[in-house]
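This report concerns only the one structure given below.
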Amino acid sequence: MKKQRFNPYLPSWEYIPDGEPYVFNGRVYVYGSHDRFNGYVYCLNDYVCWSAPVDDLSDWRYEGVIYKKTDDPLNPDGSMCLYAPDVTVGPDGRYYLYYVLDKVSIVSVAVCDTPAGKYEFYGYVRYSDGTRLGEREGDQPQFDPGVLTEGDRTYLYTGFCARGDKSRKGAMATVLGPDMLTIIEEPVFVAPSEPYSKGSGFEGHEFFEAPSIRKKGDTYYFIYSSILMHELCYATSKHPTKGFQYRGVIVSNCDLHIDSYKPAQKPMFYGGNNHGSIVEINGQWYIFYHRHTNGTNFSRQACMEKIEILDDGSIPQVEMTSCGSIDEPLIGYGEYHAYLACNLFCKEESIYTDFTGSWMNNQFPKITQDGKDGDEEIGYIANMKDSATAGFKYFDCKGIKTVKIKVRGYCRGAFEVKTSWNGEVLGRIPVEFSNIWKEYSADITIPDGVQALYFTYTGQGSASLASFTLC
């Protein structure tokens, strides 16, 4: 089978949330924080970078570690984690990495001569008198820096505002001078927090975290995670530090609000916090975001979807897919790994992934892997109990008469195969107890054309699904 683009677009054993994508010198570079498989908190690992040629988004290359936790002078013992970063090219042509450590509310900066080389600590964002941003009396805490450089000015967007917290007013924009550190225009608020949103147009989708900034033509796009957490919203303005108006949701990592294939308020994945941004690659715009795996908030994976920016500047919400766009369906034959599921749910609905309790963790299906963090083990779906459903979208099918699955676990029942989450059962594949991966098959005809595929487990016990094959 020829190489294709998938979601997640990085290997199944890599956990890069908070992705900020950029095109530099004919390649797409993604900068994010770095979760650990089976981690116990967010962002336990060092920053790494991945890149791909702009004309082949299936061909991702590991660029290695670009910055270590211990590289910051405030963190010599590595006791603080590196939270979501962003990168911009300064007026000197160098690449500047902005980030916040998890226990201090100041913005750190590192610098490198190349997009994915070894970044070196550079300094802290500061006022002209040397006081660090976030430490002056009256400053609000700094978090999740997003940056955009135009000429000698760099626009820095920061903030974290939990629902009901009146001590934080919203997302902030601060203007830095050509040294990339010194503030030349003090922070102003560009998007409100929940307690301060009345009459703003942001009601119900107020700023929570994950500010990111992009520009298309003369319009600035402010992308952020709302108080609902699972959605990436956007606001637009003709000015970088004022006048932003709420425009809508770009993507939800549980597919809430989408009503094209299911009721709008039905969650189709176990979501949670979200963070990402938009980027233009070869004339096509994409939204980069992350999904949650392993039944917790702490093992997140990078995904992307093709988006459309309409003539009025609006961006219609896109659904989560296994391929990145219904316009580019996967080949409708051959074997596909189960970790590519873009829908995952059971009869008991949940919008959020945070199954930290053992009871909850055993009730819901989850994408996971064997081994430990860093082991190149291919992901699979575990905890598929009665009614658990995995959905994959989309496939260009033709002449499919047989469906095979690889399953293990203490289970006895069958997998039903459908082309919609609540559609007609096209066939059933019986499965039995097995402590090793075992292949089962059935004669099942998949209608020709672009199709979604859903596999629902019915029966006793708990099944794990490794892959399915169309033939």
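Letters for chains follow the order of the structure tokens (A, B, ...), residue numbers begin at 1 for each chain, and ligand numbers begin at 1 in the order shown.
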
From a DSSP calculation on the backbone, collect every residue of segment 241-456 of chain A in helix (DSSP H, G or I) and output the set as a ChimeraX atom specification. /A:338-340,358-363

Counting only C-alpha atoms, the option among A:Ile315, A:Cys303, A:Ile287, A:Met320 closest to Tyr261 of chain A: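 Using only C-alpha atoms, the shortest distance to Tyr261 of chain A belongs to A:Met320.
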
List the neighbours of Gln140 of chain A out to 9 Å using only C-alpha atoms; skip same-chain residues closer than 2 positions along the sequence, and give me the result as an mmCIF file with C-alpha atoms, in the first residue's frame.
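Output contents, as saved in part.cif:
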data_model
loop_
_atom_site.group_PDB
_atom_site.id
_atom_site.type_symbol
_atom_site.label_atom_id
_atom_site.label_comp_id
_atom_site.auth_asym_id
_atom_site.auth_seq_id
_atom_site.Cartn_x
_atom_site.Cartn_y
_atom_site.Cartn_z
ATOM 1 C CA SER A 105 4.200 32.673 35.515
ATOM 2 C CA LEU A 133 6.495 40.164 32.761
ATOM 3 C CA GLY A 134 4.245 38.430 35.269
ATOM 4 C CA GLU A 135 6.175 39.638 38.343
ATOM 5 C CA ARG A 136 5.240 43.332 38.471
ATOM 6 C CA GLU A 137 2.467 44.271 40.875
ATOM 7 C CA GLY A 138 -0.831 44.017 39.031
ATOM 8 C CA GLN A 142 1.631 34.355 32.073
ATOM 9 C CA GLY A 159 -3.194 33.787 29.438
ATOM 10 C CA SER A 167 -8.828 37.444 39.231
ATOM 11 C CA ARG A 168 -8.053 36.865 35.540
ATOM 12 C CA LYS A 169 -9.701 39.006 32.901
ATOM 13 C CA MET A 172 -3.417 39.338 26.886
#

Neighbours of Ser420 of chain A within 10 Å (only C-alpha atoms; same-chain residues fewer than 5 positions away dropped), as a ChimeraX atom specification? /A:261-262,391-393,425,451-455

Just-selected residues, N, CA and C atoms written as a short mmCIF file (atom, residue, chain, number, x, y, z; two decimals), in the first residue's frame:
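Output contents, as saved in selection_30.cif:
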data_model
loop_
_atom_site.label_atom_id
_atom_site.label_comp_id
_atom_site.auth_asym_id
_atom_site.auth_seq_id
_atom_site.Cartn_x
_atom_site.Cartn_y
_atom_site.Cartn_z
N TYR A 261 -23.34 14.28 10.64
CA TYR A 261 -23.46 12.82 10.61
C TYR A 261 -24.04 12.26 11.91
N LYS A 262 -24.36 13.14 12.87
CA LYS A 262 -24.92 12.72 14.16
C LYS A 262 -25.51 13.96 14.83
N GLY A 391 -14.88 4.25 15.27
CA GLY A 391 -15.22 4.73 13.94
C GLY A 391 -14.00 5.25 13.21
N PHE A 392 -13.95 4.99 11.90
CA PHE A 392 -12.83 5.38 11.05
C PHE A 392 -13.39 6.07 9.82
N LYS A 393 -12.83 7.25 9.47
CA LYS A 393 -13.33 8.01 8.34
C LYS A 393 -12.14 8.64 7.60
N VAL A 425 -26.46 -2.86 10.34
CA VAL A 425 -25.35 -3.78 10.54
C VAL A 425 -25.15 -4.58 9.25
N GLN A 451 -16.76 5.86 2.20
CA GLN A 451 -17.51 5.36 3.35
C GLN A 451 -16.76 5.61 4.65
N ALA A 452 -17.54 5.78 5.73
CA ALA A 452 -17.03 5.64 7.08
C ALA A 452 -17.21 4.18 7.49
N LEU A 453 -16.39 3.72 8.41
CA LEU A 453 -16.49 2.34 8.91
C LEU A 453 -16.55 2.36 10.43
N TYR A 454 -17.54 1.65 10.97
CA TYR A 454 -17.72 1.57 12.42
C TYR A 454 -17.72 0.11 12.85
N PHE A 455 -16.99 -0.17 13.93
CA PHE A 455 -16.90 -1.51 14.50
C PHE A 455 -17.42 -1.45 15.94
#

What residues in segment 90-336 of chain A get the DSSP label strand (DSSP E or B)? Please answer as number ranges by chain. A: 95-99, 101, 108-112, 120-124, 126, 132, 146-150, 153-158, 170-176, 182-192, 207-216, 219-226, 231-237, 239, 242, 245-252, 271, 277-281, 284-292, 300-307, 330-332, 334-336

Can you check which parts of segment 13-60 of chain A lie within 8 Å of segment 371-382 of chain A? Per residue, the shortest pair of atoms and distance in Å to one decimal, counting only C-alpha atoms, sorted by chain and number, as JSON lines.
{"residue": "A:Trp13", "atom": "CA", "partner": "A:Glu376", "partner_atom": "CA", "distance": 5.7}
{"residue": "A:Glu14", "atom": "CA", "partner": "A:Gly374", "partner_atom": "CA", "distance": 7.6}
{"residue": "A:Arg36", "atom": "CA", "partner": "A:Asp373", "partner_atom": "CA", "distance": 5.9}
{"residue": "A:Phe37", "atom": "CA", "partner": "A:Asp373", "partner_atom": "CA", "distance": 4.8}
{"residue": "A:Asn38", "atom": "CA", "partner": "A:Asp373", "partner_atom": "CA", "distance": 7.1}

For each of A:Gln265, A:Thr419, A:Gln363, A:Thr293, take the minimum atom-to-atom distance to Ser12 of chain A, counting only C-alpha atoms, then give the residue where this is smallest. A:Thr293
